[in-house]
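Read the structure below first, then the notes.
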Amino acid sequence: MSTSTSTYQELLSAVVAENGRPVHDPATDELIGTAPVQDVARLDELVAAARAAQPAWGAKSHAERSEALMKAADAIEANAEPLATLLSREQGKPLNGPNARFEVGACAAWLRATASFELEEQTLVDDGETHAVLNYRPVGVVGAIGPWNWPMMITVWQIAPALRMGNTVVVKPSEYTTLSVLALCHVLNSALPEGVLSVIAGEREVGAAVSTHEGIDKIMFTGSTATGSKIIEASANNITRLTLELGGNDAGIVLDDVDPAAIAEGLFWGAFINTGQTCAALKRLYVPDAIYDDVCAALVEFAGKMPMGVGLEEDNVLGPLQNAAQFKIVDDLVEAAKASGARVLMGGEPDRDAPGNFYPTTLVADISPDAELVVKEQFGPALPIIRYTDLEDAIAQANALDVGLGASVWSADRDRAKEVAARIQAGTVWINSHGGVDPRIPFGGVKRSGYGVEFGVEGLKHLGVPQVING
Ligand code: NAD
C-alpha cells in the first residue's frame with residue numbers, strides 16, 4: 001500500500017480527460033482542466049466490476065476492512081494539500097476557515113471513525129427455547145450520488161460506511177465538482193483493492209441511470225428534494241434501498257435571555273459556513289423583539305470582519321458561489337426581499353460584471369415570515385432575520401415548512417432551550433450552535449429532507465441488510 005504524496009499538478013493530471021467538460025474556477029473564471037464525461041455503457045462496466053469484486057470484499061472481516069479504511073485515511077492525509085487546492089479551485093471554497101483544508105481533514109477523520117465502530121452480533125432472544133441473533137450483511141453494490149457543496153466530505157460520508165459493511169461502491173459525483181471527487185477516489189484507491197471503489201463521471205442522466213440500474217442494490221443520495229423524489233420513483237423497479245439526505249431550510253430560534261455579542265460568532269458560522277452552501281446551515285433566524293436590534297448589530301459587526309475572496313488567498317474565509325445558477329437563485333431571492341420592503345443590513349449589492357460568482361455576505365432584517373428568502377432554500381450567503389414577539393409564533397413558523405433537516409435554539413438556559421428544541425420538527429436540533437456534525441452521532445432529516453440516517457453505528461446499519469438466524 002502506498003501513502004505516496006502527489007503534487008497538485010500530478011493529482012490533476014491523474015483525473016482530467018481530453019475533450020471533457022471544461023471546469024472553470026468559480027472565483028476567477030479561469031480554466032482549471034477538463035473533466036471526463038462518461039456514459040451509461042461505462043456505468044454498466046463499472047457496475048459489473050463492482051459486482052465481481054463484492055464477494056471477496058464482503059467476505060473479509062470487519063477488522064480487515066477497517067484496516068483498509070485506516071490506510072485510505074493515511075493516503076488522504078499524505079495528499080491533503082493538493083486535494084485541498086483542487087477542491088478550492090473547483091468548488092470555490094477558501095483553503096482556510098471551515099473550508100477546503102477542513103473538508104479534507106474531515107474526510108480522513110470520518111474514515112477513521114467509521115473504521116472504529118463496533119458492530120457485534122446481537123442476541124435477540126435466548127430463553128432456553130429460542131435462540132435468535134441479528135447480524136448485518138452487505139447489501140451488495142452501492143451507488144453514491146452526491147452534490148457540489150461539500151463534494152469530498154459527502155462522498156466519504158457515503159462510501160466509508162458502505163465499504164466498512166462489505167459493499168462495493170460506484171460513485172456518481174455532481175457534474176459541477178467531478179474533478180474533486182475523482183481526485184479523492186484516486187487517492188483512496190491507492191489503499192483499496194481493485195474494483196471496490198469506482199467513479200462514473202457523468203451528467204444528470206448518468207445519475208438517473210445509476211438510480212435505475214439493476215446491478216445496484218442501494219443508493220446513497222445527497223442532493224435536492226426534487227432529485228430525491230425522482231430517485232424514490234426510480235427505486236420502485238428494483239426495490240432499491242435508499243438513504244436520502246435532501247434539502248433543508250433550517251430555522252434558528254433565539255430566546256430572549258441570550259447575550260447577543262456572545263452568540264454572534266456561532267450564528268454567523270451556522271449560517272455562512274461554506275458561504276451558505278451547506279445543507280444543514282442556519283437559513284432563517286427568528287429573534288425576539290426585545291433584543292432584535294442588538295442581535296442584528298452583533299451579527300453585522302462579526303460578519304464585517306470575515307473576508308470573502310479567491311479561495312487560494314490565505315486570508316479569505318468566504319468564497320464565491322460554486323456556479324452561476326446558484327448565484328442567480330440567491331440574487332433573485334434577495335432582490336424579491338428588497339422589493340417587499342425588507343431592510344438590508346449589509347450586502348445585497350453584488351458586482352454582476354466582476355469575474356467569479358461572488359455574492360456578498362448579506363443580512364436582511366424586518367422581513368416578512370412569508371417572504372421567499374425565508375420560505376425557500378437560498379443555499380448561499382444571505383440570511384433573513386425575522387422579528388418575533390411570541391415564542392409560540394416562532395416555533396410555529398419554524399415548523400411551517402415541508403422540510404426538516406436541522407434547527408437550533410439559542411439560550412442562556414439549557415433546559416429551556418431543550419424544551420423548545422423538542423418541539424421543533426427537524427432531524428437534529430442544536431443548542432447554541434448550528435450545523436456541527438460528528439461521525440459518532442446519527443444525522444438525517446425528517447419531512448421532505450429525506451429519510452435514513454448517516455454516521456455512527458446506526459449509519460453502518462443503513463449500509464447493511466439485517467439477517468436473523470433463529471435456531
Ligand atoms: P441535485 O439534486 O441537483 O444534484 C445532486 C446529484 O444528483 C448530482 O450528482 C446530479 O448529477 C444527480 N442527479 C440529477 N438528476 C438525477 C436523477 N434524476 N437521478 C439521480 N441522480 C440525479 O443537488 P445539488 O444542487 O447538487 O445540491 C444542492 C442540494 O443538496 C440542496 O438542496 C442541499 O440542501 C442538498 N444537500 C443536502 C445535504 C444533506 O445532507 N441533507 C447535504 C448537501 C446538500
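Ligands are numbered from 1 in the order shown, chains are lettered A, B, ... in the order of the C-alpha cells, and residues start at 1 in each chain.
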
Restrict the calculation to only C-alpha atoms, then for each residue of stretch 118-198 of chain A with any atom at most 12 Å from an atom of stretch 428-446 of chain A give the closest atom pair and their distance in Å to one decimal, rows by chain and rising residue number, as a tab-separated table.
```
residue	atom	partner	partner_atom	distance
A:Glu118	CA	A:Arg440	CA	11.4
A:Met153	CA	A:Pro439	CA	11.4
A:Ile154	CA	A:Val437	CA	11.7
A:Val156	CA	A:Pro439	CA	11.0
A:Trp157	CA	A:Pro439	CA	8.6
A:Gln158	CA	A:Pro439	CA	11.8
A:Ala160	CA	A:Pro439	CA	10.7
A:Pro161	CA	A:Pro439	CA	10.5
```

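Around ligand 1, the neighbouring residues within 6 Å, taking only C-alpha atoms and all ligand atoms, come to Ile145, Gly146, Pro147, Trp148, Lys172, Pro173, Ser174, Glu175, Glu203, Arg204, Gly207, Ala208, Ser211, Thr222, Gly223, Ser224, Thr227, Lys230, Ile231, Glu245, Leu246, Gly247, Gly248, Thr278 and Cys279 of chain A.
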
Practice item. Going by DSSP on the backbone, which bits of stretch 109-351 of chain A are strand (DSSP E)? Write them as a ChimeraX atom specification, please. Key: /A:122-126,131-138,141-145,168-172,197-199,218-222,241-245,250-254,282-288,343-346

Check your understanding: Neighbours of stretch 254-261 of chain A within 12 Å (only C-alpha atoms; same-chain residues fewer than 2 positions away dropped), as a ChimeraX atom specification?
Key -> /A:251-252,263-268,282,284-302,385-392,394-395,398,407-414,416-421,430-434

Practice item. Please provide the set of residues having any atom within 7 Å of A:Asp39, restricted to only C-alpha atoms, with same-chain residues fewer than 3 positions apart removed, written as an MDAnalysis selection string. Key: chainID A and resid 42:43 202 206

Write out, as a CSV table (one decimal), in the first residue's frame, the residues just selected, with C-alpha atoms.
```
chain,number,residue,atom,x,y,z
A,42,ARG,CA,-19.3,2.9,-18.9
A,43,LEU,CA,-21.6,2.7,-15.9
A,202,GLY,CA,-21.3,11.8,-16.0
A,206,VAL,CA,-26.0,9.2,-15.7
```

**Study point:** Counting only C-alpha atoms, the residue of A:Thr5, A:Phe102, A:Tyr176, A:Glu90 that sits nearest A:Val317
**Key:**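 Closest to A:Val317 of all the choices is A:Phe102.
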
Point to revise | Coordinates-based distance that separates atom CA of A:Gly464 from atom CA of A:Gln54 (Å, one decimal) | key: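 Going from atom CA of A:Gln54 over to atom CA of A:Gly464 covers 13.3 Å.
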
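Nearest to A:Ala303 of all the residues A:Asn357, A:Asp331, A:Leu363, A:Ala100 is A:Leu363, counting only C-alpha atoms.
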
Please build the interface table for stretch 116-190 of chain A against stretch 65-75 of chain A with a cut-off of 9 Å, listing for each qualifying residue the nearest atom pair and the distance in Å to one decimal; count only C-alpha atoms, order rows by chain and increasing number, and write it as a tab-separated table.
```
residue	atom	partner	partner_atom	distance
A:Ser116	CA	A:Ser66	CA	7.0
A:Ala160	CA	A:Leu69	CA	7.3
A:Leu163	CA	A:Arg65	CA	7.3
A:Arg164	CA	A:Arg65	CA	5.7
A:Met165	CA	A:Arg65	CA	8.1
A:Gly166	CA	A:Arg65	CA	7.5
A:Val187	CA	A:Ala75	CA	6.2
A:Leu188	CA	A:Ala72	CA	5.0
A:Asn189	CA	A:Ala72	CA	7.5
A:Ser190	CA	A:Ala75	CA	7.3
```

Considering only C-alpha atoms, give me a table of residues in stretch 103-189 of chain A that are at most 12 Å from stretch 270-275 of chain A, with the closest atom pair and distance in Å for each, as JSON lines.
```
{"residue": "A:Glu103", "atom": "CA", "partner": "A:Asn274", "partner_atom": "CA", "distance": 10.1}
{"residue": "A:Trp148", "atom": "CA", "partner": "A:Asn274", "partner_atom": "CA", "distance": 11.3}
{"residue": "A:Asn149", "atom": "CA", "partner": "A:Asn274", "partner_atom": "CA", "distance": 7.7}
{"residue": "A:Trp150", "atom": "CA", "partner": "A:Asn274", "partner_atom": "CA", "distance": 8.3}
{"residue": "A:Pro151", "atom": "CA", "partner": "A:Asn274", "partner_atom": "CA", "distance": 11.7}
```

Deliver the residues from the most recent selection as a file, using all heavy atoms, as a PDB file, in the first residue's frame.
```pdb
ATOM      1  N   GLU A 103     -12.336  20.419   5.092  1.00  0.00           N
ATOM      2  CA  GLU A 103     -13.095  19.346   4.439  1.00  0.00           C
ATOM      3  C   GLU A 103     -12.223  18.111   4.207  1.00  0.00           C
ATOM      4  O   GLU A 103     -12.645  16.981   4.452  1.00  0.00           O
ATOM      5  CB  GLU A 103     -13.705  19.845   3.115  1.00  0.00           C
ATOM      6  CG  GLU A 103     -14.499  18.762   2.397  1.00  0.00           C
ATOM      7  CD  GLU A 103     -15.367  19.266   1.255  1.00  0.00           C
ATOM      8  OE1 GLU A 103     -15.529  20.492   1.103  1.00  0.00           O
ATOM      9  OE2 GLU A 103     -15.894  18.424   0.502  1.00  0.00           O
ATOM     10  N   TRP A 148     -22.593  19.249  -4.993  1.00  0.00           N
ATOM     11  CA  TRP A 148     -21.381  20.017  -5.290  1.00  0.00           C
ATOM     12  C   TRP A 148     -20.893  20.881  -4.138  1.00  0.00           C
ATOM     13  O   TRP A 148     -19.891  21.574  -4.269  1.00  0.00           O
ATOM     14  CB  TRP A 148     -21.603  20.895  -6.530  1.00  0.00           C
ATOM     15  CG  TRP A 148     -22.881  21.698  -6.497  1.00  0.00           C
ATOM     16  CD1 TRP A 148     -24.052  21.381  -7.136  1.00  0.00           C
ATOM     17  CD2 TRP A 148     -23.149  22.923  -5.788  1.00  0.00           C
ATOM     18  NE1 TRP A 148     -25.017  22.321  -6.862  1.00  0.00           N
ATOM     19  CE2 TRP A 148     -24.484  23.280  -6.042  1.00  0.00           C
ATOM     20  CE3 TRP A 148     -22.386  23.744  -4.969  1.00  0.00           C
ATOM     21  CZ2 TRP A 148     -25.084  24.415  -5.504  1.00  0.00           C
ATOM     22  CZ3 TRP A 148     -22.971  24.880  -4.424  1.00  0.00           C
ATOM     23  CH2 TRP A 148     -24.306  25.207  -4.696  1.00  0.00           C
ATOM     24  N   ASN A 149     -21.606  20.876  -3.013  1.00  0.00           N
ATOM     25  CA  ASN A 149     -21.244  21.851  -1.970  1.00  0.00           C
ATOM     26  C   ASN A 149     -20.105  21.384  -1.065  1.00  0.00           C
ATOM     27  O   ASN A 149     -19.209  22.162  -0.740  1.00  0.00           O
ATOM     28  CB  ASN A 149     -22.481  22.239  -1.153  1.00  0.00           C
ATOM     29  CG  ASN A 149     -23.159  21.056  -0.511  1.00  0.00           C
ATOM     30  OD1 ASN A 149     -22.981  19.903  -0.917  1.00  0.00           O
ATOM     31  ND2 ASN A 149     -23.951  21.327   0.494  1.00  0.00           N
ATOM     32  N   TRP A 150     -20.160  20.116  -0.643  1.00  0.00           N
ATOM     33  CA  TRP A 150     -19.079  19.506   0.149  1.00  0.00           C
ATOM     34  C   TRP A 150     -18.729  18.203  -0.574  1.00  0.00           C
ATOM     35  O   TRP A 150     -18.987  17.106  -0.057  1.00  0.00           O
ATOM     36  CB  TRP A 150     -19.547  19.223   1.580  1.00  0.00           C
ATOM     37  CG  TRP A 150     -19.817  20.422   2.428  1.00  0.00           C
ATOM     38  CD1 TRP A 150     -20.997  21.096   2.560  1.00  0.00           C
ATOM     39  CD2 TRP A 150     -18.883  21.098   3.289  1.00  0.00           C
ATOM     40  NE1 TRP A 150     -20.855  22.142   3.437  1.00  0.00           N
ATOM     41  CE2 TRP A 150     -19.569  22.166   3.909  1.00  0.00           C
ATOM     42  CE3 TRP A 150     -17.533  20.904   3.601  1.00  0.00           C
ATOM     43  CZ2 TRP A 150     -18.962  23.029   4.805  1.00  0.00           C
ATOM     44  CZ3 TRP A 150     -16.928  21.767   4.510  1.00  0.00           C
ATOM     45  CH2 TRP A 150     -17.633  22.809   5.100  1.00  0.00           C
ATOM     46  N   PRO A 151     -18.190  18.289  -1.777  1.00  0.00           N
ATOM     47  CA  PRO A 151     -18.130  17.092  -2.623  1.00  0.00           C
ATOM     48  C   PRO A 151     -17.256  15.972  -2.073  1.00  0.00           C
ATOM     49  O   PRO A 151     -17.618  14.796  -2.193  1.00  0.00           O
ATOM     50  CB  PRO A 151     -17.566  17.628  -3.943  1.00  0.00           C
ATOM     51  CG  PRO A 151     -16.911  18.924  -3.608  1.00  0.00           C
ATOM     52  CD  PRO A 151     -17.674  19.486  -2.447  1.00  0.00           C
TER      53      PRO A 151
END
```

Revision key, fill the gap. Atom CA of A:Met220 to atom CA of A:Ile200 measures 14.6 Å

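You can rank A:Gln38, A:Thr240, A:Asn19, A:Gln467 by their closest distance to A:Leu124 using only C-alpha atoms, and at the top of that list sits A:Gln467.
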
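Going from atom CA of A:Leu405 over to atom CA of A:Ile159, you cover 21.0 Å.
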
Exercise for review: Would you kindly return, as a ChimeraX atom specification, each protein, DNA or RNA residue with an atom no farther than 8 Å from any atom of stretch 335-344 of chain A, considering only C-alpha atoms and excluding same-chain residues fewer than 3 positions away?
Suggested key: /A:331-332,347-348,362-368,371-373

Can you write out the residues you just picked, keeping N, CA, C and O atoms, as a compact mmCIF listing (two decimals), in the first residue's frame?
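Written out: again.txt:
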```txt
# COMPACT_ATOMS: atom_id res chain seq x y z
N ASP A 331 -29.44 35.79 -5.74
CA ASP A 331 -29.67 37.16 -6.21
C ASP A 331 -31.18 37.43 -6.33
O ASP A 331 -31.69 38.46 -5.83
N ASP A 332 -31.90 36.52 -6.94
CA ASP A 332 -33.34 36.71 -7.13
C ASP A 332 -34.08 36.77 -5.78
O ASP A 332 -34.99 37.59 -5.59
N GLY A 347 -24.55 44.00 2.60
CA GLY A 347 -24.52 43.21 1.38
C GLY A 347 -25.69 43.53 0.46
O GLY A 347 -26.18 44.66 0.43
N GLY A 348 -26.10 42.53 -0.32
CA GLY A 348 -27.27 42.68 -1.18
C GLY A 348 -27.02 43.40 -2.49
O GLY A 348 -27.94 43.60 -3.27
N THR A 362 -24.70 38.85 3.14
CA THR A 362 -25.92 39.67 3.15
C THR A 362 -26.78 39.31 4.37
O THR A 362 -27.06 38.14 4.62
N LEU A 363 -27.17 40.35 5.10
CA LEU A 363 -28.09 40.17 6.23
C LEU A 363 -29.33 41.01 5.96
O LEU A 363 -29.22 42.20 5.66
N VAL A 364 -30.50 40.37 6.06
CA VAL A 364 -31.75 41.06 5.71
C VAL A 364 -32.67 41.06 6.92
O VAL A 364 -33.05 40.00 7.43
N ALA A 365 -33.02 42.27 7.39
CA ALA A 365 -33.84 42.41 8.59
C ALA A 365 -35.26 42.84 8.24
O ALA A 365 -35.54 43.21 7.11
N ASP A 366 -36.11 42.77 9.26
CA ASP A 366 -37.51 43.22 9.13
C ASP A 366 -38.15 42.66 7.87
O ASP A 366 -38.77 43.37 7.07
N ILE A 367 -38.00 41.38 7.72
CA ILE A 367 -38.52 40.67 6.54
C ILE A 367 -39.75 39.88 6.96
O ILE A 367 -39.82 39.36 8.09
N SER A 368 -40.72 39.81 6.07
CA SER A 368 -41.94 39.08 6.38
C SER A 368 -41.64 37.59 6.53
O SER A 368 -40.84 37.03 5.77
N ALA A 371 -41.82 35.80 3.26
CA ALA A 371 -41.00 36.21 2.10
C ALA A 371 -40.32 34.98 1.51
O ALA A 371 -40.00 34.01 2.21
N GLU A 372 -40.04 35.03 0.21
CA GLU A 372 -39.40 33.89 -0.46
C GLU A 372 -38.03 33.58 0.14
O GLU A 372 -37.64 32.41 0.23
N LEU A 373 -37.31 34.64 0.53
CA LEU A 373 -35.97 34.41 1.11
C LEU A 373 -36.07 33.61 2.41
O LEU A 373 -35.11 32.96 2.82
```

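Comparing the minimum interatomic distances between A:Thr85 and each of A:Ser449, A:Gln326, A:Ser180, A:Ser229, counting only C-alpha atoms, we find that A:Ser180 sits nearest.
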